[in-house]
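Visitor: Here's a structure for you.
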Amino acid sequence: MENDVLGLLQYDFFRNALLAAFLSSIVCGIIGTYIVSRRLVFISGGITHSSFGGIGLAYFMGFNPIIGALIFSLLSAFGIEFLSKRSDLREDSAIGMIWTIGMALGIIFIAATPGYSPNLMTYLFGSILTVASYDLIAMLVLAIVVIFIFVFFYRTILYVAFDDEYARTRRLPVDFINYLMLSLISFAIVLNIRIVGVILLISFLTIPQVTANIFTKEFKGMLVLSVIFALLGSVVGLLVSYRFNIPSGPSIICVFVLVFLLSKLLRYLAVGLSLRRQMKNSL
Amino acid sequence: MSKIIEIFSLSAGYGDDLVLKDVNLTVNDNDFIGVIGPNGGGKTTLLKVMMGLIKPYSGTITISKSSKRKNGNVFGYLPQITKIDKKFPISVLDVVISGIIPQTGENQITTKEAKLKARSLLERVGGEHLCEKIVGDLSGGQMQRVLLARAIISLPELLVLDEPDTFVDNNFERDLYELLKELNKEMAIIMVSHDLGTISSYVKTIACVNRGLHYHHSNAITEKVLESYNCPIDLIAHGDLPHRVLKEHEHVNHGE
Ligand SMILES: Nc1ncnc2c1ncn2[C@@H]1O[C@H](COP(=O)(O)OP(=O)(O)O)[C@@H](O)[C@H]1O
Ligand SMILES: [Mg+2]
């Protein structure tokens, strides 16, 4: 196995895949912590799926699908925020609408595009083994921007996320932070579509985070641990996918869930042990 | 006595739901105003409009310039506890620190100083044992202590409390009111409460908010007075007091 791995590293595609997993873990670990803490998982699902409409449009019109996805995801992120704040449409209903209209438009555009679209599956399920170097450069830039923003605005982000009304009485730039975070979520989603795909992406933004949440109940701890769990899961998942010749995305998610279940079990045993010790001491 | 905030002919609400109509209220330093009224009467809305969290439909809110206010801190807010997401991953200490208004230049304080300050504030509200905890592990009463510490850490001019006495045990309730009395020497307080019976001996004046506002210029709505108006105290404790009665109080009070 060890030789296998070392051998694999000789291949460009595998080195790129590892690099993609690394950058994706940083971005998704951090952005996902924000998403999970603020309960934005459903919104993020809506943004992810609606971006498929942009991919379809780009195919139809013949421009870069990532640009199309970005336009759609930003529009839907701000659209959901706007619709649920400014009208009496309930937020989850607004999400349901935007989620499906994006998918529907994507399918229509692709059906209307002459010729077969061989890369379509790539966007639905991702393909970490075929990432190009410009994908990696874009992800590297995003990772740097995300780290920078979370380091320098850490407390502002934390306070706005915990209690935005109170933050407003402190004159913190609540609206700015909210829109900045929605934009970062959109960018994170779009740049990871190539790697994990529309359908599986939400797992990167939630499973490592809830696993981290088992061990820490602090935002900062969750940021760091989520990145570590995302990295662990995606590297192991990648190797498993190679070893057993299964698709990499689903393989990574299975590892994520396995790590989550093991962590739960570990936590459960630790709690039981500590309880037993306390009861013995009090006797 | 100097004015902190003056609300004039204010109307506010949500969409086409006009919650507050033609409200007038002046808050001076040293004030301790108890706000009562039925559920949905607009108490929380009034506090939020006052702090600029909701834009009013009409009317004016004037915040006086004050020399006392060095750090730009007017309001210390303790929101209704049901608003807080208890699953949010944040430590008690960070919640209290979030009450500090960030300063620039030489007034800036380090995280270490902020933590020390937060600890001493928690001590003051009787929550020193909560320092190392995270929000998810707090009981309702403990949460109230933490939120109170957050509200007063910046020494606001006006402490705005929205039902700080819910989920609080009797012991802490008494501590809380004594603490508020002490804080009232340093800052004005406006407090929403269900429990008029207990607060009326601590507050100085009473405002009844029920779509409009009726100001009662004393805290002397004693049980006796209430009974004479055929309005038993437990009715008020549950917020069912018809404001018509208080209006008459005000009338009587003026006549005195
Ligand atoms: N965010 C909101 N959107 C729409 N209506 C609201 C909102 N908040 C409160 N209301 C309505 O405004 C009225 C007053 O609410 P509130 O100020 O919370 O009352 P209180 O604090 O006295 O119980 C209620 O009828 C309530 O349904
Ligand atoms: Mg209320």
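By order of appearance in the structure tokens: chains A, B, ..., then residues from 1 within every chain, and ligands from 1 in the order shown.
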When you look at A:Tyr34 with a cut-off of 10 Å (counting only C-alpha atoms), what residues show up, excluding the ones that are within fewer than 2 positions of it in the same chain? I need them as JSON, numbers by chain.

Guide: {"A": [28, 29, 30, 31, 32, 36, 37, 38, 39, 40, 41, 157, 158, 161, 181, 185, 205, 206, 209, 219, 222, 223]}

Visitor: As a ChimeraX atom specification, list the residues of stretch 7-246 of chain B assigned to strand (DSSP E) by DSSP on the backbone atoms of this structure.

Guide: /B:7-14,17-28,32-36,58-63,75-78,158-162,188-192,205-210,212-216

Visitor: Would you list which chain A residues are within 10 Å of chain B using only C-alpha atoms, as a PDB file with N, CA and C atoms, in the first residue's frame?

Guide:
```pdb
ATOM      1  N   THR A  33     -17.999  25.692   8.510  1.00  0.00           N
ATOM      2  CA  THR A  33     -18.197  25.976   9.929  1.00  0.00           C
ATOM      3  C   THR A  33     -19.171  27.126  10.113  1.00  0.00           C
ATOM      4  N   VAL A  36     -22.715  25.781   9.106  1.00  0.00           N
ATOM      5  CA  VAL A  36     -23.334  24.913  10.112  1.00  0.00           C
ATOM      6  C   VAL A  36     -23.717  25.720  11.359  1.00  0.00           C
ATOM      7  N   SER A  37     -22.824  26.610  11.799  1.00  0.00           N
ATOM      8  CA  SER A  37     -23.095  27.392  13.005  1.00  0.00           C
ATOM      9  C   SER A  37     -24.328  28.273  12.840  1.00  0.00           C
ATOM     10  N   ARG A  38     -24.469  28.866  11.676  1.00  0.00           N
ATOM     11  CA  ARG A  38     -25.606  29.768  11.436  1.00  0.00           C
ATOM     12  C   ARG A  38     -26.831  29.055  10.887  1.00  0.00           C
ATOM     13  N   ARG A  39     -26.743  27.738  10.779  1.00  0.00           N
ATOM     14  CA  ARG A  39     -27.851  26.939  10.230  1.00  0.00           C
ATOM     15  C   ARG A  39     -28.193  27.362   8.805  1.00  0.00           C
ATOM     16  N   ARG A  86     -37.437  40.909   2.516  1.00  0.00           N
ATOM     17  CA  ARG A  86     -38.243  42.020   2.017  1.00  0.00           C
ATOM     18  C   ARG A  86     -39.677  41.644   1.654  1.00  0.00           C
ATOM     19  N   SER A  87     -39.955  40.377   1.539  1.00  0.00           N
ATOM     20  CA  SER A  87     -41.326  40.019   1.203  1.00  0.00           C
ATOM     21  C   SER A  87     -41.826  39.032   2.242  1.00  0.00           C
ATOM     22  N   ASP A  88     -43.100  38.677   2.147  1.00  0.00           N
ATOM     23  CA  ASP A  88     -43.601  37.763   3.168  1.00  0.00           C
ATOM     24  C   ASP A  88     -43.452  36.304   2.751  1.00  0.00           C
ATOM     25  N   ARG A 155     -13.462  38.098  15.111  1.00  0.00           N
ATOM     26  CA  ARG A 155     -14.432  38.449  16.152  1.00  0.00           C
ATOM     27  C   ARG A 155     -15.695  39.088  15.575  1.00  0.00           C
ATOM     28  N   THR A 156     -15.521  39.927  14.575  1.00  0.00           N
ATOM     29  CA  THR A 156     -16.702  40.541  13.956  1.00  0.00           C
ATOM     30  C   THR A 156     -17.609  39.465  13.367  1.00  0.00           C
ATOM     31  N   LEU A 158     -17.760  36.310  14.196  1.00  0.00           N
ATOM     32  CA  LEU A 158     -18.326  35.513  15.282  1.00  0.00           C
ATOM     33  C   LEU A 158     -19.510  36.219  15.938  1.00  0.00           C
ATOM     34  N   TYR A 159     -19.363  37.490  16.245  1.00  0.00           N
ATOM     35  CA  TYR A 159     -20.421  38.208  16.959  1.00  0.00           C
ATOM     36  C   TYR A 159     -21.647  38.411  16.079  1.00  0.00           C
ATOM     37  N   VAL A 160     -21.416  38.738  14.811  1.00  0.00           N
ATOM     38  CA  VAL A 160     -22.554  38.913  13.892  1.00  0.00           C
ATOM     39  C   VAL A 160     -23.289  37.584  13.713  1.00  0.00           C
ATOM     40  N   ALA A 161     -22.522  36.504  13.621  1.00  0.00           N
ATOM     41  CA  ALA A 161     -23.145  35.202  13.414  1.00  0.00           C
ATOM     42  C   ALA A 161     -23.943  34.769  14.642  1.00  0.00           C
ATOM     43  N   PHE A 162     -23.431  35.060  15.820  1.00  0.00           N
ATOM     44  CA  PHE A 162     -24.096  34.617  17.054  1.00  0.00           C
ATOM     45  C   PHE A 162     -25.369  35.414  17.319  1.00  0.00           C
ATOM     46  N   ASP A 163     -25.321  36.735  17.181  1.00  0.00           N
ATOM     47  CA  ASP A 163     -26.477  37.558  17.527  1.00  0.00           C
ATOM     48  C   ASP A 163     -26.394  38.858  16.720  1.00  0.00           C
ATOM     49  N   GLU A 165     -28.559  41.087  15.879  1.00  0.00           N
ATOM     50  CA  GLU A 165     -29.225  42.264  16.414  1.00  0.00           C
ATOM     51  C   GLU A 165     -28.339  42.966  17.448  1.00  0.00           C
ATOM     52  N   TYR A 166     -27.763  42.155  18.325  1.00  0.00           N
ATOM     53  CA  TYR A 166     -26.874  42.749  19.321  1.00  0.00           C
ATOM     54  C   TYR A 166     -25.671  43.408  18.640  1.00  0.00           C
ATOM     55  N   ALA A 167     -25.149  42.721  17.617  1.00  0.00           N
ATOM     56  CA  ALA A 167     -24.005  43.269  16.889  1.00  0.00           C
ATOM     57  C   ALA A 167     -24.345  44.636  16.301  1.00  0.00           C
ATOM     58  N   ARG A 168     -25.582  44.791  15.862  1.00  0.00           N
ATOM     59  CA  ARG A 168     -26.014  46.080  15.329  1.00  0.00           C
ATOM     60  C   ARG A 168     -25.962  47.171  16.398  1.00  0.00           C
ATOM     61  N   THR A 169     -26.343  46.835  17.634  1.00  0.00           N
ATOM     62  CA  THR A 169     -26.267  47.848  18.691  1.00  0.00           C
ATOM     63  C   THR A 169     -24.815  48.173  19.021  1.00  0.00           C
ATOM     64  N   ARG A 170     -23.889  47.312  18.666  1.00  0.00           N
ATOM     65  CA  ARG A 170     -22.451  47.597  18.828  1.00  0.00           C
ATOM     66  C   ARG A 170     -21.896  48.316  17.627  1.00  0.00           C
ATOM     67  N   ARG A 171     -22.747  48.673  16.677  1.00  0.00           N
ATOM     68  CA  ARG A 171     -22.346  49.325  15.426  1.00  0.00           C
ATOM     69  C   ARG A 171     -21.380  48.485  14.610  1.00  0.00           C
ATOM     70  N   LEU A 172     -21.500  47.177  14.677  1.00  0.00           N
ATOM     71  CA  LEU A 172     -20.697  46.331  13.795  1.00  0.00           C
ATOM     72  C   LEU A 172     -21.355  46.334  12.408  1.00  0.00           C
ATOM     73  N   ASN A 213     -17.698  19.354  15.642  1.00  0.00           N
ATOM     74  CA  ASN A 213     -18.582  19.837  16.700  1.00  0.00           C
ATOM     75  C   ASN A 213     -18.742  18.824  17.845  1.00  0.00           C
ATOM     76  N   THR A 216     -15.487  19.900  19.898  1.00  0.00           N
ATOM     77  CA  THR A 216     -15.344  21.271  20.374  1.00  0.00           C
ATOM     78  C   THR A 216     -16.657  22.010  20.190  1.00  0.00           C
ATOM     79  N   LYS A 217     -16.948  22.905  21.131  1.00  0.00           N
ATOM     80  CA  LYS A 217     -18.171  23.696  21.022  1.00  0.00           C
ATOM     81  C   LYS A 217     -17.821  25.165  20.845  1.00  0.00           C
ATOM     82  N   GLU A 218     -16.589  25.405  20.397  1.00  0.00           N
ATOM     83  CA  GLU A 218     -16.168  26.773  20.143  1.00  0.00           C
ATOM     84  C   GLU A 218     -15.888  26.982  18.671  1.00  0.00           C
ATOM     85  N   PHE A 219     -16.279  28.158  18.184  1.00  0.00           N
ATOM     86  CA  PHE A 219     -16.174  28.489  16.765  1.00  0.00           C
ATOM     87  C   PHE A 219     -14.757  28.276  16.241  1.00  0.00           C
ATOM     88  N   LYS A 220     -13.784  28.789  16.975  1.00  0.00           N
ATOM     89  CA  LYS A 220     -12.397  28.714  16.513  1.00  0.00           C
ATOM     90  C   LYS A 220     -11.950  27.259  16.408  1.00  0.00           C
ATOM     91  N   GLY A 221     -12.269  26.495  17.443  1.00  0.00           N
ATOM     92  CA  GLY A 221     -11.915  25.083  17.431  1.00  0.00           C
ATOM     93  C   GLY A 221     -12.561  24.356  16.272  1.00  0.00           C
ATOM     94  N   MET A 222     -13.816  24.734  15.996  1.00  0.00           N
ATOM     95  CA  MET A 222     -14.527  24.092  14.894  1.00  0.00           C
ATOM     96  C   MET A 222     -13.894  24.412  13.549  1.00  0.00           C
TER      97      MET A 222
END
```

Visitor: List the neighbours of A:Leu136 out to 10 Å using only C-alpha atoms; skip same-chain residues closer than 2 positions along the sequence, and give me the result as a list in words.

Guide: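 What passes the distance filter is Asn16, Ala17, Leu19, Ala20, Ala21, Leu23, Ser24, Val131, Ala132, Ser133, Tyr134, Ala138, Met139, Leu140, Val141, Leu142 and Leu191 of chain A.
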
Visitor: Would you put the residues from that selection into a file with all heavy atoms, as a compact mmCIF listing (two decimals), in the first residue's frame?

Guide:
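Writing done, so here's out-v6.txt:
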```txt
# COMPACT_ATOMS: atom_id res chain seq x y z
N ASN A 16 -2.19 16.61 -8.45
CA ASN A 16 -3.20 17.66 -8.57
C ASN A 16 -4.43 17.35 -7.71
O ASN A 16 -4.99 18.24 -7.07
CB ASN A 16 -3.65 17.81 -10.03
CG ASN A 16 -2.67 18.67 -10.83
OD1 ASN A 16 -1.73 19.22 -10.25
ND2 ASN A 16 -2.88 18.75 -12.12
N ALA A 17 -4.81 16.08 -7.71
CA ALA A 17 -5.97 15.69 -6.92
C ALA A 17 -5.73 15.95 -5.43
O ALA A 17 -6.60 16.46 -4.71
CB ALA A 17 -6.31 14.23 -7.16
N LEU A 19 -3.64 18.09 -4.14
CA LEU A 19 -3.60 19.53 -3.93
C LEU A 19 -5.01 20.09 -3.89
O LEU A 19 -5.35 20.93 -3.04
CB LEU A 19 -2.81 20.18 -5.08
CG LEU A 19 -2.20 21.55 -4.80
CD1 LEU A 19 -1.33 21.50 -3.57
CD2 LEU A 19 -1.39 22.00 -6.02
N ALA A 20 -5.85 19.60 -4.81
CA ALA A 20 -7.25 20.05 -4.84
C ALA A 20 -7.95 19.69 -3.53
O ALA A 20 -8.69 20.49 -2.95
CB ALA A 20 -7.99 19.42 -6.01
N ALA A 21 -7.70 18.46 -3.04
CA ALA A 21 -8.32 18.03 -1.79
C ALA A 21 -7.88 18.93 -0.65
O ALA A 21 -8.67 19.31 0.22
CB ALA A 21 -7.96 16.58 -1.50
N LEU A 23 -6.74 22.14 -0.79
CA LEU A 23 -7.31 23.49 -0.89
C LEU A 23 -8.81 23.47 -0.60
O LEU A 23 -9.35 24.33 0.10
CB LEU A 23 -7.05 24.07 -2.27
CG LEU A 23 -5.58 24.33 -2.59
CD1 LEU A 23 -5.40 24.71 -4.05
CD2 LEU A 23 -5.03 25.44 -1.68
N SER A 24 -9.46 22.47 -1.12
CA SER A 24 -10.90 22.34 -0.92
C SER A 24 -11.22 22.13 0.56
O SER A 24 -12.22 22.65 1.07
CB SER A 24 -11.40 21.19 -1.77
OG SER A 24 -12.64 20.79 -1.36
N VAL A 131 -8.88 17.67 -12.31
CA VAL A 131 -8.80 19.12 -12.12
C VAL A 131 -7.64 19.69 -12.92
O VAL A 131 -6.56 19.10 -12.98
CB VAL A 131 -8.64 19.53 -10.64
CG1 VAL A 131 -9.95 19.42 -9.90
CG2 VAL A 131 -7.56 18.73 -9.98
N ALA A 132 -7.89 20.83 -13.53
CA ALA A 132 -6.86 21.48 -14.32
C ALA A 132 -6.10 22.46 -13.44
O ALA A 132 -6.53 22.80 -12.34
CB ALA A 132 -7.49 22.20 -15.50
N SER A 133 -4.95 22.94 -13.95
CA SER A 133 -4.14 23.81 -13.10
C SER A 133 -4.81 25.15 -12.87
O SER A 133 -4.63 25.77 -11.82
CB SER A 133 -2.74 24.00 -13.69
OG SER A 133 -2.84 24.24 -15.07
N TYR A 134 -5.65 25.62 -13.83
CA TYR A 134 -6.31 26.91 -13.56
C TYR A 134 -7.38 26.76 -12.49
O TYR A 134 -7.67 27.68 -11.75
CB TYR A 134 -6.86 27.54 -14.84
CG TYR A 134 -7.92 26.75 -15.57
CD1 TYR A 134 -9.25 26.78 -15.15
CD2 TYR A 134 -7.60 25.98 -16.68
CE1 TYR A 134 -10.22 26.05 -15.82
CE2 TYR A 134 -8.55 25.26 -17.36
CZ TYR A 134 -9.87 25.29 -16.92
OH TYR A 134 -10.81 24.57 -17.58
N ALA A 138 -7.30 29.09 -9.05
CA ALA A 138 -8.48 29.77 -8.53
C ALA A 138 -8.76 29.36 -7.09
O ALA A 138 -9.07 30.19 -6.23
CB ALA A 138 -9.69 29.47 -9.41
N MET A 139 -8.62 28.07 -6.80
CA MET A 139 -8.88 27.59 -5.45
C MET A 139 -7.85 28.10 -4.46
O MET A 139 -8.17 28.40 -3.31
CB MET A 139 -8.91 26.08 -5.42
CG MET A 139 -10.12 25.54 -6.15
SD MET A 139 -10.35 23.82 -5.83
CE MET A 139 -10.50 23.82 -4.07
N LEU A 140 -6.60 28.19 -4.93
CA LEU A 140 -5.55 28.70 -4.06
C LEU A 140 -5.85 30.15 -3.67
O LEU A 140 -5.75 30.53 -2.49
CB LEU A 140 -4.19 28.61 -4.77
CG LEU A 140 -3.00 29.18 -3.98
CD1 LEU A 140 -2.73 28.32 -2.76
CD2 LEU A 140 -1.75 29.26 -4.86
N VAL A 141 -6.24 30.95 -4.65
CA VAL A 141 -6.57 32.35 -4.38
C VAL A 141 -7.73 32.44 -3.38
O VAL A 141 -7.68 33.18 -2.40
CB VAL A 141 -6.93 33.09 -5.69
CG1 VAL A 141 -7.46 34.49 -5.38
CG2 VAL A 141 -5.71 33.17 -6.60
N LEU A 142 -8.77 31.64 -3.62
CA LEU A 142 -9.92 31.67 -2.72
C LEU A 142 -9.51 31.25 -1.30
O LEU A 142 -9.92 31.88 -0.31
CB LEU A 142 -11.03 30.76 -3.23
CG LEU A 142 -12.28 30.72 -2.36
CD1 LEU A 142 -12.94 32.09 -2.32
CD2 LEU A 142 -13.28 29.68 -2.85
N LEU A 191 -16.35 26.95 -6.89
CA LEU A 191 -15.02 26.42 -7.17
C LEU A 191 -14.89 24.96 -6.76
O LEU A 191 -13.97 24.27 -7.19
CB LEU A 191 -13.95 27.28 -6.49
CG LEU A 191 -13.78 28.67 -7.09
CD1 LEU A 191 -12.55 29.35 -6.52
CD2 LEU A 191 -13.67 28.61 -8.61
```

Visitor: Which residues are near ligand 2 - at most 8 Å, using only C-alpha atoms and all ligand atoms? Format: as a VMD selection string.

Guide: chain B and resid 39 to 40 42 to 45 80 162 to 163 192

Visitor: Between atom 7 (C, counted along the ligand's line) of ligand 1 and atom CA of B:Leu161, what is the distance, to one decimal in Å?

Guide: 17.9 Å
